[in-house]
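Here's the structure, in structure tokens; my notes come after.
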Amino acid sequence: MVLLNYSGGAQVATGAVDELYTQLRCPLLLITLGGFHNGANDLTHAEHLHQLTSANDRIEQIGTWIFPQRWWLLRRSAWNQAVRAGKITVHRLDPATHFGPQSYISPTAQLPDGRSHLARTAETVIAVIRAHHGSTLAQGNPLP
């Protein structure tokens, strides 16, 4: 199962992991787009979390500053345990912003290669899902 979320939806998605795993007993793949969350939710039952972010996303960055569970100093936080377990992969979508005319989902903002920010974001999400799907099959796990 894929949980794709944007901004504060990351808090909802990470908070739902345990209950979804308990109810469905299937692999959970989380993809956060500019994820604003406190880092306190247990990700033990998440197979992986792909963090799509940008150096220009001030909203997502604020979350890493204001929530102590996201600080590297709090090594025992759920977020830092997931990081140490190799469950977090960061994908840079620079120079996108959180919202506005240069946002991740802007159909008009253009990259140097001519693609829109929206096209690149969609391509990245699809590539993450395909890569995960391929690795799940390679490991002999059934499709979720």
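Ordered as shown in the structure tokens, chains take letters A, B, and onward, while each chain numbers its residues from 1 and ligands are numbered from 1 in the order shown.
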
Please build the interface table for stretch 88-114 of chain A against stretch 32-42 of chain A with a cut-off of 10 Å, listing for each qualifying residue the nearest atom pair and the distance in Å to one decimal; count only C-alpha atoms, order rows by chain and increasing number, and write it as a tab-separated table.
residue	atom	partner	partner_atom	distance
A:Val90	CA	A:Thr32	CA	9.7
A:His91	CA	A:Leu33	CA	9.6
A:Leu93	CA	A:Leu33	CA	9.6
A:Ala96	CA	A:Gly34	CA	9.7
A:Thr97	CA	A:Gly34	CA	8.5
A:His98	CA	A:Gly34	CA	6.2
A:Phe99	CA	A:Gly34	CA	9.4
A:Ser103	CA	A:Gly34	CA	9.7
A:Tyr104	CA	A:Leu33	CA	8.0
A:Ile105	CA	A:Leu33	CA	9.7

Serialized selection, C-alpha atoms, as a PDB file, in the first residue's frame:
ATOM      1  CA  VAL A  90      15.523  11.766   0.605  1.00  0.00           C
ATOM      2  CA  HIS A  91      14.822  12.855  -2.962  1.00  0.00           C
ATOM      3  CA  LEU A  93      13.346  18.369  -6.015  1.00  0.00           C
ATOM      4  CA  ALA A  96      10.753  23.780  -5.947  1.00  0.00           C
ATOM      5  CA  THR A  97       8.991  25.571  -3.115  1.00  0.00           C
ATOM      6  CA  HIS A  98       6.253  24.344  -0.801  1.00  0.00           C
ATOM      7  CA  PHE A  99       3.513  26.417  -2.419  1.00  0.00           C
ATOM      8  CA  SER A 103       5.813  24.754  -5.985  1.00  0.00           C
ATOM      9  CA  TYR A 104       6.358  21.033  -6.391  1.00  0.00           C
ATOM     10  CA  ILE A 105       3.034  20.791  -8.203  1.00  0.00           C
TER      11      ILE A 105
END

Discussion item. Can you tell me, as a PyMOL selection string, which residues in chain A count as helix (DSSP H, G or I) by DSSP?
Written reply: chain A and resi 9-24+58-66+68-70+78-84+117-138

Take the selection from the previous step and output its residues with C-alpha atoms, as a PDB file, in the first residue's frame.
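Below is the file that was written, out06.pdb:
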ATOM      1  CA  GLY A   9      -0.640  15.021   5.396  1.00  0.00           C
ATOM      2  CA  ALA A  10       2.712  13.519   6.412  1.00  0.00           C
ATOM      3  CA  GLN A  11       1.609  13.775  10.049  1.00  0.00           C
ATOM      4  CA  VAL A  12      -1.618  11.920   9.235  1.00  0.00           C
ATOM      5  CA  ALA A  13       0.142   9.261   7.139  1.00  0.00           C
ATOM      6  CA  THR A  14       2.894   8.546   9.650  1.00  0.00           C
ATOM      7  CA  GLY A  15       0.276   8.435  12.398  1.00  0.00           C
ATOM      8  CA  ALA A  16      -1.781   5.876  10.471  1.00  0.00           C
ATOM      9  CA  VAL A  17       1.048   3.381   9.939  1.00  0.00           C
ATOM     10  CA  ASP A  18       0.465   1.197  12.996  1.00  0.00           C
ATOM     11  CA  GLU A  19      -3.298   0.956  12.560  1.00  0.00           C
ATOM     12  CA  LEU A  20      -3.081   0.259   8.828  1.00  0.00           C
ATOM     13  CA  TYR A  21      -0.474  -2.411   9.415  1.00  0.00           C
ATOM     14  CA  THR A  22      -2.587  -3.980  12.162  1.00  0.00           C
ATOM     15  CA  GLN A  23      -5.717  -4.003  10.003  1.00  0.00           C
ATOM     16  CA  LEU A  24      -4.264  -4.848   6.590  1.00  0.00           C
ATOM     17  CA  ARG A  58      10.745  26.638   3.989  1.00  0.00           C
ATOM     18  CA  ILE A  59       7.601  24.980   5.398  1.00  0.00           C
ATOM     19  CA  GLU A  60       9.139  21.500   5.421  1.00  0.00           C
ATOM     20  CA  GLN A  61      12.345  22.918   6.900  1.00  0.00           C
ATOM     21  CA  ILE A  62      10.429  24.593   9.734  1.00  0.00           C
ATOM     22  CA  GLY A  63       9.204  21.156  10.796  1.00  0.00           C
ATOM     23  CA  THR A  64      12.766  19.925  11.150  1.00  0.00           C
ATOM     24  CA  TRP A  65      13.559  22.932  13.338  1.00  0.00           C
ATOM     25  CA  ILE A  66      10.520  23.205  15.615  1.00  0.00           C
ATOM     26  CA  PRO A  68      12.596  18.137  18.729  1.00  0.00           C
ATOM     27  CA  GLN A  69      11.859  14.565  17.591  1.00  0.00           C
ATOM     28  CA  ARG A  70      13.350  15.499  14.210  1.00  0.00           C
ATOM     29  CA  ALA A  78      10.893   7.443  16.303  1.00  0.00           C
ATOM     30  CA  TRP A  79      12.134   9.535  13.366  1.00  0.00           C
ATOM     31  CA  ASN A  80      15.813   9.070  14.197  1.00  0.00           C
ATOM     32  CA  GLN A  81      15.323   5.349  14.774  1.00  0.00           C
ATOM     33  CA  ALA A  82      13.809   5.099  11.281  1.00  0.00           C
ATOM     34  CA  VAL A  83      16.715   7.094   9.850  1.00  0.00           C
ATOM     35  CA  ARG A  84      19.252   4.782  11.518  1.00  0.00           C
ATOM     36  CA  HIS A 117       7.780  21.041 -11.598  1.00  0.00           C
ATOM     37  CA  LEU A 118       4.535  19.055 -11.673  1.00  0.00           C
ATOM     38  CA  ALA A 119       5.862  16.681 -14.347  1.00  0.00           C
ATOM     39  CA  ARG A 120       9.100  16.068 -12.411  1.00  0.00           C
ATOM     40  CA  THR A 121       7.221  15.472  -9.167  1.00  0.00           C
ATOM     41  CA  ALA A 122       4.853  13.017 -10.846  1.00  0.00           C
ATOM     42  CA  GLU A 123       7.774  11.231 -12.542  1.00  0.00           C
ATOM     43  CA  THR A 124       9.612  10.965  -9.216  1.00  0.00           C
ATOM     44  CA  VAL A 125       6.588   9.516  -7.418  1.00  0.00           C
ATOM     45  CA  ILE A 126       6.043   6.974 -10.204  1.00  0.00           C
ATOM     46  CA  ALA A 127       9.737   6.025 -10.227  1.00  0.00           C
ATOM     47  CA  VAL A 128       9.742   5.508  -6.435  1.00  0.00           C
ATOM     48  CA  ILE A 129       6.674   3.269  -6.615  1.00  0.00           C
ATOM     49  CA  ARG A 130       8.054   1.290  -9.550  1.00  0.00           C
ATOM     50  CA  ALA A 131      11.426   0.826  -7.852  1.00  0.00           C
ATOM     51  CA  HIS A 132       9.761  -0.313  -4.649  1.00  0.00           C
ATOM     52  CA  HIS A 133       7.397  -2.584  -6.548  1.00  0.00           C
ATOM     53  CA  GLY A 134      10.347  -4.134  -8.399  1.00  0.00           C
ATOM     54  CA  SER A 135      12.338  -4.715  -5.210  1.00  0.00           C
ATOM     55  CA  THR A 136       9.301  -6.267  -3.504  1.00  0.00           C
ATOM     56  CA  LEU A 137       8.909  -8.722  -6.364  1.00  0.00           C
ATOM     57  CA  ALA A 138      12.635  -9.463  -6.447  1.00  0.00           C
TER      58      ALA A 138
END

Discussion item. Please determine, counting only C-alpha atoms, which residue among A:Trp72, A:Leu30, A:Pro95, A:Gly100 has the shortest atom-to-atom distance to A:Ser54.
Written reply: A:Pro95

Discussion item. So, with only C-alpha atoms as the atoms that count, which of A:Gln51, A:Val2, A:Ile31, A:Gly8 lies closest to A:Thr89?
Written reply: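 Of A:Gln51, A:Val2, A:Ile31, A:Gly8, the one nearest A:Thr89, counting only C-alpha atoms, is A:Gln51.
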
Practice prompt. Identify which of the residues A:Gly86, A:Leu29, A:Phe67, A:Leu74 lies closest to A:Leu49, counting only C-alpha atoms when measuring atom-to-atom distances.
Written response: A:Leu29

Discussion item. Nearest residue to A:Leu43 out of A:Leu73, A:Ala55, A:Ile88, A:Met1, using only C-alpha atoms?
Written reply: A:Ile88

Response to the item:
One decimal place gives the atom CA of A:His48-atom CA of A:Ser7 separation as 17.9 Å

Item to complete: Identify all residues of chain A in strand (DSSP E or B) (DSSP on the backbone) and supply them as a ChimeraX atom specification.
Response: /A:2-6,29-33,48-53,88-92,97,103,110,116
